[in-house]
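A.B. asks: Dropping the structure in here first, questions after.
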Number of protein chains: 2
Amino acid sequence: MAKKIINQPEDCVSEALEGFLKAHPAYVQVEGASGLRVKDVQDKPALIVGGGSGHEPMFGYFVGKNLADASVAGNVFTSPDPGSILQTALSVERGKGVLFVYGNYSGDNMNFDMAAELLADQGIAVKTVRVWDDVASAPKEQYTDRRGIAGNALVIKIAGAASSVLDLEGAYRVACKARDQVYSIGFGLSGATIPGEAHPIFTLPEDEMEYGLGIHGEPGVRRVKLQSADSIVEELVEQILADSGIQAGDTVCTLVNGLGATPLLELYIMNRKLAQLLEEKGIHIYNMDVGNYVTSLEMAGASVTLMKLDEELKTYYDMPCRSPYYQKG
Amino acid sequence: MAKKIINQPEDCVSEALEGFLKAHPAYVQVEGASGLRVKDVQDKPALIVGGGSGHEPMFGYFVGKNLADASVAGNVFTSPDPGSILQTALSVERGKGVLFVYGNYSGDNMNFDMAAELLADQGIAVKTVRVWDDVASAPKEQYTDRRGIAGNALVIKIAGAASSVLDLEGAYRVACKARDQVYSIGFGLSGATIPGEAHPIFTLPEDEMEYGLGIHGEPGVRRVKLQSADSIVEELVEQILADSGIQAGDTVCTLVNGLGATPLLELYIMNRKLAQLLEEKGIHIYNMDVGNYVTSLEMAGASVTLMKLDEELKTYYDMPCRSPYYQKG
């Protein structure tokens, strides 16, 4: 059994939620669901995020001012059920409709779609934005098959800001634009173990790493000998630029995201090279985030995300926001 | 060689600092030193923190509004040299004196003391607060031999607030009070490897953990079979309460601190039990922090910290503060 600081594996998600609420009294649990929401619900389109647990602080800890209004959590690496999603959405919906933003996985797609239908049955307007930023997970011509990884953080940032000042249609349009401009690719050095399981999801030889790994341990595109930080970042940036078409003269915000067990020291070594490469290529850096935002339990590894910003996206990117592990302004 | 996302081991600290400054333009590097400081230096007693690298976000990323004015970083798990400390202090000293706050380790003590002498030679008033919160590292009657671990975060929080509104003597007095009221104890599940080294600092059998481990892998007090999260927290809280004398009717702020590779999910499972135990014992919880504040590279494990608050400490605890990985208010 992998070493975990837990009690019973099946209680991990509910116990962590209890512990979160003790530390953050501005949030409350959604009645009858594994969801949490802001205590003071605003009169605005409700932004609901969610997905499997094990990616903390995403999704649950991205609820807050100018971010999500509520979040719903499945078990570790498992989609939340439609009933929980429905309850969570209803707990913050105030007649202005619901915007769902989540990562593009078949389980999540199915369950959020079912919840959307149930909401529609009650006459509530629902819009859905699936984040599909992982350029390694499917070819460009099949981009709607791509997985959502660290880009979720930036799309939720923009969607949260937009939903605070626009109506549902407007917030949906802006969130789609953000989603269409965000590109990520990651790599893993070691696997993570789901609580209760005896073995990690995958293992890698002592001297190897894997490009393009998903945040649930989904296979990547290439297993290679461990590279230097600079070589890794060069490879990631090249792939993102080739795929996205981001080029000299464009403006981007960036995210170097740790998967769980990678020290901040290493993420900043990556960020140094990321900044150098973008500057060399004449790409303007609007802002850089570095940290553990979308993790994969205790996986070692990281990802690089670029979001191309136009003037409208900058406006929403610049709006102050606040949640326990993500703040701006 | 352990898997690290680095270039040359000897460049880790300087490259990470470069990467940090790219992401956080409100900070600048101290000329000629491995230190960083706020760009806009305030007319106040200068609060300088520092120590070995590898504990990020402590120390360097605790610089900011109502926190430290500057920080100086040694190599991984190595004290900064006296010259760097001196340069860093001078870069933010504005005639109101210098307050040093750092963890109680012989190397840091020696080097910060030498820097203090050099500052005194220039007629600059210096006060020093060594944080010795690790109750597992020496008996109570030898508390000045104890190591500084996660309690550093809370003492710096208070010292930063106090130094923003008080003179050097006043800030020193309040920081000492905070230091005298903070108690921590940690445990480890797996060791970390210093960049460039072939092996972790220590290893533990697959099914064992160690209570009282230091944040550089210093030996703990007891190696046991892996416990449940609730049992671990019970043991830690019992030890802290027995040592500190914190009791029913007292008010505390708390910190569940991850050492690097422990998921937030697990830290919140610990926090749930911490809140339960304190409530059961009639100890009032003023605020709870949960996260990776004082890490040990990619070590798995965590610590619990309690700080007993009186009305004066509450005032400084409540003052808003802001740094990239620690905010209040």
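Simple scheme: letters A, B, ... for chains in structure tokens order, numbers from 1 for residues in each chain, numbers from 1 for ligands in the order shown.
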With DSSP run on the backbone, what are the alpha helix (DSSP H) residues within range 57-124 of chain A? I'd like them as a list in words.

C.D. replies: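 Across range 57-124 of chain A, those assigned alpha helix (DSSP H) are Pro82, Gly83, Ser84, Ile85, Leu86, Gln87, Thr88, Ala89, Leu90, Ser91, Val92, Ser106, Gly107, Asp108, Asn109, Met110, Asn111, Phe112, Asp113, Met114, Ala115, Ala116, Glu117, Leu118, Leu119, Ala120 and Asp121 of chain A.
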
A.B. asks: Would you list the contacts of Ala136 in chain A as an MDAnalysis selection string, taking every protein, DNA or RNA residue within 8 Å and counting only C-alpha atoms, but skipping same-chain residues closer than 6 positions in sequence?

C.D. replies: chainID A and resid 146 185 212:213 220:221

A.B. asks: I'd like the neighbourhood of range 269-279 of chain B as number ranges by chain, where a residue qualifies if any of its atoms comes within 8 Å (using only C-alpha atoms), though same-chain residues fewer than 3 positions away should be ignored.

C.D. replies: A: 5-6, 12, 15-20, 22-23; B: 229-230, 233-234, 237, 256, 265-266, 282-285, 290

A.B. asks: Selected residues, N, CA and C atoms, written as a CSV table (one decimal), in the first residue's frame, please.

C.D. replies:
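Contents of part.csv, freshly written:
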chain,number,residue,atom,x,y,z
A,5,ILE,N,-1.5,9.8,4.0
A,5,ILE,CA,-2.0,10.3,5.3
A,5,ILE,C,-3.5,10.4,5.2
A,6,ILE,N,-4.1,9.3,5.4
A,6,ILE,CA,-5.6,9.2,5.2
A,6,ILE,C,-6.1,8.3,6.3
A,12,CYS,N,-11.8,9.8,2.0
A,12,CYS,CA,-10.9,10.9,1.7
A,12,CYS,C,-11.6,12.2,1.3
A,15,GLU,N,-13.9,13.8,4.0
A,15,GLU,CA,-13.1,14.3,5.2
A,15,GLU,C,-12.3,15.6,4.8
A,16,ALA,N,-11.7,15.6,3.6
A,16,ALA,CA,-10.9,16.7,3.1
A,16,ALA,C,-11.9,17.9,3.0
A,17,LEU,N,-13.1,17.7,2.5
A,17,LEU,CA,-14.0,18.8,2.4
A,17,LEU,C,-14.3,19.4,3.8
A,18,GLU,N,-14.6,18.5,4.8
A,18,GLU,CA,-14.8,19.0,6.2
A,18,GLU,C,-13.6,19.8,6.6
A,19,GLY,N,-12.4,19.3,6.4
A,19,GLY,CA,-11.2,20.0,6.8
A,19,GLY,C,-11.1,21.4,6.1
A,20,PHE,N,-11.4,21.4,4.9
A,20,PHE,CA,-11.4,22.7,4.1
A,20,PHE,C,-12.4,23.7,4.7
A,22,LYS,N,-13.4,23.9,7.7
A,22,LYS,CA,-12.9,24.4,9.0
A,22,LYS,C,-11.9,25.6,8.8
A,23,ALA,N,-11.2,25.5,7.7
A,23,ALA,CA,-10.1,26.5,7.5
A,23,ALA,C,-10.7,27.7,6.8
B,229,ALA,N,-4.4,9.0,9.4
B,229,ALA,CA,-4.3,10.5,9.5
B,229,ALA,C,-4.8,10.9,10.9
B,230,ASP,N,-5.9,10.4,11.4
B,230,ASP,CA,-6.4,10.8,12.7
B,230,ASP,C,-5.5,10.5,13.8
B,233,VAL,N,-2.5,12.9,13.8
B,233,VAL,CA,-2.8,14.3,14.3
B,233,VAL,C,-3.1,14.2,15.8
B,234,GLU,N,-3.7,13.2,16.3
B,234,GLU,CA,-3.8,13.0,17.7
B,234,GLU,C,-2.5,13.1,18.4
B,237,VAL,N,-0.9,16.6,18.2
B,237,VAL,CA,-1.6,17.6,19.0
B,237,VAL,C,-1.3,17.3,20.5
B,256,VAL,N,-1.4,23.6,9.2
B,256,VAL,CA,-1.0,22.2,8.8
B,256,VAL,C,-0.1,22.4,7.5
B,265,LEU,N,-5.2,17.4,-0.4
B,265,LEU,CA,-6.3,16.5,0.0
B,265,LEU,C,-5.9,15.9,1.4
B,266,GLU,N,-4.7,15.4,1.5
B,266,GLU,CA,-4.3,14.8,2.8
B,266,GLU,C,-4.1,15.8,3.9
B,282,GLY,N,-11.8,22.4,24.0
B,282,GLY,CA,-12.2,23.8,24.4
B,282,GLY,C,-11.2,24.9,24.0
B,283,ILE,N,-10.4,24.6,23.1
B,283,ILE,CA,-9.4,25.6,22.6
B,283,ILE,C,-10.0,26.3,21.4
B,284,HIS,N,-10.0,27.6,21.5
B,284,HIS,CA,-10.7,28.4,20.5
B,284,HIS,C,-9.8,28.6,19.2
B,285,ILE,N,-10.3,28.3,18.1
B,285,ILE,CA,-9.6,28.3,16.8
B,285,ILE,C,-9.8,29.7,16.2
B,290,VAL,N,-3.6,26.0,5.8
B,290,VAL,CA,-3.3,24.7,5.4
B,290,VAL,C,-2.6,24.8,4.0

A.B. asks: Would you pick out the contacts of Ala192 in chain B at 7 Å or less, using only C-alpha atoms, so that residues sharing its chain but fewer than 2 positions from it are not included, and give the list as a list in words?

C.D. replies: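 Selected residues are Ser190, Ile194, Pro200, Ile201, Ser296, Leu297, Glu298 and Met299 of chain B.
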
A.B. asks: I need the residues from that last selection saved to file as a PDB file, in the first residue's frame (with C-alpha atoms), if you can.

C.D. replies:
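So out_16.pdb came out as:
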ATOM      1  CA  SER B 190       9.787   9.617   2.682  1.00  0.00           C
ATOM      2  CA  ILE B 194      19.503  17.361  -2.500  1.00  0.00           C
ATOM      3  CA  PRO B 200      17.841  10.767  -0.465  1.00  0.00           C
ATOM      4  CA  ILE B 201      18.952  12.189   2.880  1.00  0.00           C
ATOM      5  CA  SER B 296      11.704  20.105   2.413  1.00  0.00           C
ATOM      6  CA  LEU B 297      12.088  19.681  -1.355  1.00  0.00           C
ATOM      7  CA  GLU B 298       9.976  16.641  -2.292  1.00  0.00           C
ATOM      8  CA  MET B 299       9.750  15.101   1.165  1.00  0.00           C
TER       9      MET B 299
END

A.B. asks: Could you tell me which of A:His55, A:Lys140, A:Arg223, A:Lys44 comes closest to chain B if we count only C-alpha atoms?

C.D. replies: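 That would be A:His55, the residue with the smallest distance to chain B.
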
A.B. asks: Tell me which protein, DNA and RNA residues are within 7 Å of Gly258 in chain A, counting only C-alpha atoms, leaving out same-chain ones fewer than 2 positions away, and put them as a ChimeraX atom specification.

C.D. replies: /A:256,260,262,267,291-292,295,301-303

A.B. asks: For range 110-123 of chain B, please output as a PDB file with N, CA and C atoms, in the first residue's frame all residues within 6 Å (counting only C-alpha atoms; exclusion window: fewer than 6 positions along the same chain).

C.D. replies:
ATOM      1  N   ASP B  81      25.678  33.019   3.294  1.00  0.00           N
ATOM      2  CA  ASP B  81      26.921  33.505   3.901  1.00  0.00           C
ATOM      3  C   ASP B  81      26.712  34.908   4.479  1.00  0.00           C
ATOM      4  N   PRO B  82      27.571  35.308   5.410  1.00  0.00           N
ATOM      5  CA  PRO B  82      27.409  36.594   6.085  1.00  0.00           C
ATOM      6  C   PRO B  82      27.416  37.771   5.115  1.00  0.00           C
ATOM      7  N   LEU B  86      24.485  40.497   4.835  1.00  0.00           N
ATOM      8  CA  LEU B  86      24.795  41.923   5.008  1.00  0.00           C
ATOM      9  C   LEU B  86      24.264  42.744   3.835  1.00  0.00           C
TER      10      LEU B  86
END

A.B. asks: DSSP on the backbone: which residues in range 58-251 of chain A end up as strand (DSSP E)? Give the answer as a PyMOL selection string.

C.D. replies: chain A and resi 70-76+98-103+126-131+182-190+208-211+222-225+251

A.B. asks: Neighbours of range 205-207 of chain B within 7 Å (only C-alpha atoms; same-chain residues fewer than 2 positions away dropped), as a list of chain:residue names?

C.D. replies: B:Thr203, B:Lys225, B:Leu226

A.B. asks: Quick one, how far is CA of Asn287 in chain A from CA of Asp180 in chain A?

C.D. replies: 18.5 Å
